[in-house]
$ cat start31.cif   # mmCIF, C-alpha atoms and all ligand atoms
data_run
loop_
_atom_site.label_atom_id
_atom_site.label_comp_id
_atom_site.auth_asym_id
_atom_site.auth_seq_id
_atom_site.Cartn_x
_atom_site.Cartn_y
_atom_site.Cartn_z
CA MET J 410 18.63 -5.72 -17.77
CA ASP J 411 18.54 -8.32 -15.01
CA ASN J 412 15.37 -10.17 -14.04
CA ILE J 413 14.50 -7.99 -11.05
CA ASP J 414 14.88 -4.82 -13.14
CA CYS J 415 12.53 -6.38 -15.71
CA VAL J 416 9.90 -6.83 -12.95
CA LYS J 417 10.37 -3.31 -11.59
CA LYS J 418 10.07 -1.83 -15.09
CA LYS J 419 6.86 -3.73 -15.85
CA ILE J 420 5.36 -2.69 -12.49
CA GLU J 421 6.19 0.94 -13.20
CA GLU J 422 4.72 0.80 -16.70
CA ILE J 423 1.43 -0.63 -15.43
CA ILE J 424 1.10 1.67 -12.39
CA LYS J 425 1.99 4.73 -14.46
CA LYS J 426 -1.25 4.16 -16.40
CA SER J 427 -3.45 3.61 -13.34
CA PRO J 428 -6.79 5.43 -13.34
CA VAL J 429 -6.19 6.00 -9.60
CA PRO J 430 -4.12 9.22 -9.66
CA GLU J 431 -2.13 8.57 -6.47
CA ASP J 432 -1.00 5.06 -7.45
CA PRO J 433 2.37 6.00 -9.07
CA VAL J 434 3.42 8.27 -6.19
CA HIS J 435 2.20 5.77 -3.57
CA SER J 436 4.20 2.94 -5.14
CA LYS J 437 7.45 4.92 -4.95
CA ASN J 438 6.62 6.50 -1.61
CA THR J 439 5.95 3.08 -0.02
CA LEU J 440 9.44 2.04 -1.15
CA GLU J 441 10.89 5.23 0.35
CA TRP J 442 9.21 4.53 3.71
CA LEU J 443 10.33 0.91 3.57
CA LEU J 444 13.93 2.12 3.20
CA LYS J 445 13.48 4.58 6.06
CA LEU J 446 12.15 1.83 8.32
CA LYS J 447 14.85 -0.64 7.26
CA PRO J 448 17.70 0.80 5.16
CA ASP J 449 19.23 -2.62 4.36
CA VAL J 450 15.94 -4.11 3.20
CA ASP J 451 16.08 -7.05 0.76
CA GLU J 452 15.21 -6.97 -2.93
CA ALA J 453 12.01 -9.03 -2.54
CA LEU J 454 10.56 -6.47 -0.14
CA LYS J 455 11.50 -3.63 -2.49
CA VAL J 456 9.61 -5.27 -5.37
CA ALA J 457 6.67 -5.99 -3.05
CA ALA J 458 6.59 -2.33 -1.98
CA LEU J 459 6.54 -1.09 -5.58
CA GLY J 460 3.88 -3.55 -6.74
CA HIS J 461 1.69 -4.24 -3.70
CA ASP J 462 -1.32 -2.33 -5.10
CA ILE J 463 -0.81 -3.19 -8.78
CA GLU J 464 -4.28 -4.67 -9.27
CA ARG J 465 -5.84 -1.24 -8.69
CA ALA J 466 -4.06 -0.02 -11.81
CA ILE J 467 -5.74 -2.59 -14.08
CA GLU J 468 -9.36 -1.54 -14.46
CA GLU J 469 -10.56 -4.82 -15.98
CA ARG J 470 -8.99 -6.94 -13.21
CA LYS J 471 -9.33 -4.88 -10.07
CA VAL J 472 -11.59 -6.05 -7.24
CA GLY J 473 -14.53 -3.83 -6.35
CA ARG J 474 -15.40 -2.66 -2.84
CA GLU J 475 -19.07 -3.22 -3.61
CA ASP J 476 -18.48 -6.98 -4.00
CA TYR J 477 -17.44 -7.46 -0.37
CA LYS J 478 -19.47 -7.03 2.77
CA TYR J 479 -16.54 -6.14 5.03
CA TYR J 480 -13.69 -3.74 4.32
CA ASP J 481 -11.06 -6.24 5.58
CA GLU J 482 -12.45 -8.90 3.26
CA PHE J 483 -12.17 -6.47 0.32
CA LYS J 484 -8.59 -5.59 1.32
CA ASP J 485 -7.61 -9.29 1.50
CA ALA J 486 -9.02 -9.85 -2.01
CA HIS J 487 -7.13 -6.76 -3.22
CA ALA J 488 -3.86 -8.07 -1.77
CA LEU J 489 -4.31 -11.56 -3.25
CA ASN J 490 -5.20 -10.14 -6.66
CA SER J 491 -2.08 -7.93 -6.68
CA ALA J 492 0.06 -10.94 -5.68
CA LYS J 493 -1.37 -12.99 -8.56
CA ILE J 494 -0.70 -10.24 -11.11
CA LEU J 495 2.87 -9.85 -9.82
CA ALA J 496 3.39 -13.63 -10.09
CA GLU J 497 2.46 -13.40 -13.79
CA ILE J 498 4.92 -10.53 -14.30
CA MET J 499 7.66 -12.44 -12.48
CA LYS J 500 7.09 -15.44 -14.72
CA GLU J 501 7.50 -13.23 -17.80
CA CYS J 502 10.78 -11.94 -16.33
CA ASN J 503 12.12 -15.43 -15.46
CA ILE J 504 12.24 -14.88 -11.71
CA SER J 505 13.06 -18.02 -9.71
CA LYS J 506 10.23 -19.89 -8.02
CA LYS J 507 11.72 -19.19 -4.58
CA LEU J 508 11.78 -15.42 -5.10
CA THR J 509 8.35 -15.45 -6.78
CA ASP J 510 6.85 -17.34 -3.83
CA ASP J 511 8.47 -14.93 -1.37
CA ILE J 512 7.14 -11.80 -3.12
CA PHE J 513 3.74 -13.46 -3.56
CA PHE J 514 3.58 -14.10 0.20
CA LEU J 515 4.65 -10.55 1.10
CA VAL J 516 2.09 -8.90 -1.17
CA CYS J 517 -0.65 -11.32 -0.18
CA HIS J 518 -0.24 -10.31 3.47
CA HIS J 519 0.65 -6.64 3.07
CA GLU J 520 -2.60 -5.37 4.59
CA ARG J 521 -2.49 -7.41 7.80
CA GLY J 522 1.18 -8.26 8.30
CA GLY J 523 2.09 -11.38 10.24
CA THR J 524 5.83 -11.93 9.94
CA ARG J 525 8.71 -9.59 10.75
CA ARG J 526 9.35 -8.83 7.06
CA VAL J 527 5.75 -8.44 5.99
CA ASP J 528 5.11 -6.15 8.97
CA ILE J 529 7.71 -3.70 7.60
CA LEU J 530 5.84 -3.63 4.28
CA ARG J 531 2.49 -3.17 6.04
CA ASP J 532 3.87 -0.29 8.10
CA ALA J 533 5.52 1.45 5.11
CA ASP J 534 2.26 1.13 3.17
CA SER J 535 0.16 2.40 6.08
CA ILE J 536 2.41 5.43 6.65
CA SER J 537 2.47 6.17 2.92
CA PHE J 538 -1.32 6.19 2.83
CA PHE J 539 -1.27 9.07 5.32
CA HIS J 540 1.70 10.71 3.61
CA VAL J 541 0.55 10.79 -0.03
CA ASN J 542 -2.81 9.04 -0.60
CA LEU J 543 -5.05 10.67 1.94
CA PRO J 544 -5.56 14.06 0.19
CA TYR J 545 -6.65 12.19 -2.97
CA TYR J 546 -8.89 9.88 -0.95
CA PHE J 547 -10.51 12.90 0.68
CA ILE J 548 -11.37 14.41 -2.70
CA ARG J 549 -13.19 11.24 -3.79
CA ASN J 550 -14.91 10.35 -0.52
CA SER J 551 -17.13 11.94 2.09
CA VAL J 552 -15.81 13.28 5.39
CA GLU J 553 -17.40 10.33 7.17
CA GLU J 554 -15.86 7.77 4.80
CA THR J 555 -12.44 9.45 4.98
CA LYS J 556 -12.59 9.38 8.76
CA LYS J 557 -13.42 5.69 8.74
CA ARG J 558 -10.47 5.01 6.44
CA CYS J 559 -8.17 7.09 8.65
CA LEU J 560 -9.19 5.19 11.77
CA TRP J 561 -8.71 1.88 10.00
CA GLY J 562 -5.21 2.87 8.83
CA TYR J 563 -4.20 4.46 12.11
CA ARG J 564 -5.17 1.43 14.18
CA LYS J 565 -2.94 -0.76 12.00
CA LEU J 566 0.16 1.24 12.89
CA PRO J 567 2.36 -0.04 15.72
CA ASP J 568 2.64 2.30 18.73
CA ASN J 569 6.14 3.53 17.81
CA LEU J 570 4.92 4.79 14.41
CA LYS J 571 1.56 6.24 15.41
CA ARG J 572 2.85 9.80 15.74
CA VAL J 573 4.54 9.91 12.34
CA MET J 574 1.68 11.65 10.56
CA ILE J 575 1.64 14.56 12.99
CA ASP J 576 4.36 16.13 10.81
CA PHE J 577 2.53 15.70 7.49
CA ASP J 578 1.36 18.97 6.00
CA TYR J 579 -1.99 18.40 4.26
CA GLN J 580 -2.45 22.04 3.22
CA ASN J 581 -6.14 21.62 3.99
CA LYS J 582 -7.56 22.64 7.33
CA GLU J 583 -10.54 20.30 7.14
CA LEU J 584 -8.36 17.28 6.40
CA GLU J 585 -5.86 18.27 9.09
CA SER J 586 -8.55 18.44 11.76
CA LEU J 587 -10.05 15.20 10.50
CA VAL J 588 -6.69 13.42 10.95
CA ARG J 589 -6.26 14.94 14.41
CA ALA J 590 -9.79 13.90 15.37
CA CYS J 591 -9.06 10.39 14.17
CA ILE J 592 -5.86 10.20 16.25
CA GLY J 593 -7.72 11.54 19.29
CA GLU J 594 -10.55 9.07 18.84
CA SER J 595 -8.18 6.11 18.47
CA GLU J 596 -6.27 7.02 21.58
CA GLN J 597 -9.31 7.32 23.81
FE FE J 601 -0.83 0.52 -0.63
#
$ encode --input "start31.cif" --output "structure tokens"
Amino acid sequence: MDNIDCVKKKIEEIIKKSPVPEDPVHSKNTLEWLLKLKPDVDEALKVAALGHDIERAIEERKVGREDYKYYDEFKDAHALNSAKILAEIMKECNISKKLTDDIFFLVCHHERGGTRRVDILRDADSISFFHVNLPYYFIRNSVEETKKRCLWGYRKLPDNLKRVMIDFDYQNKELESLVRACIGESEQ
């Protein structure tokens, strides 16, 4: 097994045990969207896509929403914490410093973007939230809270990707109209 495979395997093992039920499917689905957005994407971005939310899978290390006043502040702490955990895994798998630093940077900025490469990760993650996470999120949260999260995620998407979720079939009328309302509200 080469070093990158060692990292991917460890990420999968940790996320598989996540108490957040959508984490395993979201990890793989983010990679799938990344490949749709950029088929020749590099290995560092693939690892970042698989592991960008890893901290959520480790109950004793995850950051709590209640500890942050603002949602963006919480999301930045979440991204940094995932990057730190991945750096530890990469050390265990003897990944070079250059590649470790690159993946650390990508994961650290995956919520906000900022460079051409990290923007692809942010977009794949944002689309995947609407594709696979949202129905789970809706079960755990109120209509109001889900709507807020939808608006936050939708506004992050670049204009050329904003219509992508129109084709997602949520199999739930209430959630479908909530997503449509959120799109309508954002476009006003
Ligand atoms: Fe994510």
$ residues_near_ligand --input "start31.cif" --ligand "ligand FE 601 (chain J)" --cutoff "8 Å" --atoms "only C-alpha atoms and all ligand atoms" --output "ChimeraX atom specification"
/J:435-436,439,461-462,534-535,537-538
$ write_last_selection --input "start31.cif" --atoms "C-alpha atoms" --output "CSV table (one decimal), keeping the file's coordinate frame"
chain,number,residue,atom,x,y,z
J,435,HIS,CA,2.2,5.8,-3.6
J,436,SER,CA,4.2,2.9,-5.1
J,439,THR,CA,6.0,3.1,0.0
J,461,HIS,CA,1.7,-4.2,-3.7
J,462,ASP,CA,-1.3,-2.3,-5.1
J,534,ASP,CA,2.3,1.1,3.2
J,535,SER,CA,0.2,2.4,6.1
J,537,SER,CA,2.5,6.2,2.9
J,538,PHE,CA,-1.3,6.2,2.8
$ axis_aligned_box --input "start31.cif" --around "range 466-473 of chain J" --padding-each-side "3 Å" --output "JSON"
{"center_x": -9.3, "center_y": -3.5, "center_z": -11.2, "size_x": 16.5, "size_y": 12.9, "size_z": 15.6}
$ residues_around --input "start31.cif" --residues "Ala496 in chain J" --least-positions-apart "5" --cutoff "10 Å" --atoms "all atoms listed in the file" --output "PyMOL selection string"
chain J and resi 416+490-491+501-502+504+506+508-510+512-513
$ atom_distance --input "start31.cif" --atom1 "CA of Asp449 in chain J" --atom2 "CA of Ile536 in chain J"
18.8 Å
$ residues_near_point --input "start31.cif" --point "(0.1, -3.5, -7.9)" --cutoff "8 Å" --atoms "all atoms listed in the file" --output "PyMOL selection string"
chain J and resi 420+424+459-466+491-492+494-495
$ closest_residue --input "start31.cif" --among "J:Val541, J:Ile413, J:Met499, J:Ile529" --to "Pro433 in chain J" --atoms "all atoms listed in the file"
J:Val541
$ atom_distance --input "start31.cif" --atom1 "CA of Ala453 in chain J" --atom2 "CA of Cys415 in chain J"
13.4 Å
$ closest_residue --input "start31.cif" --among "J:Leu489, J:Asp578, J:Ala457, J:Lys571" --to "Gly593 in chain J" --atoms "all atoms listed in the file"
J:Lys571
$ closest_atom_pairs --input "start31.cif" --of "range 445-517 of chain J" --to "range 542-562 of chain J" --cutoff "12 Å" --atoms "all atoms listed in the file" --output "CSV"
residue,atom,partner,partner_atom,distance
J:Tyr480,CA,J:Trp561,CA,9.4
J:Asp481,CA,J:Trp561,CA,9.5
J:Lys484,CA,J:Trp561,CA,11.5
$ atom_distance --input "start31.cif" --atom1 "CA of Ile575 in chain J" --atom2 "CA of Ala488 in chain J"
27.6 Å
$ closest_residue --input "start31.cif" --among "J:Asp476, J:Asp568, J:Asp532, J:Asp414" --to "Glu452 in chain J" --atoms "only C-alpha atoms"
J:Asp414
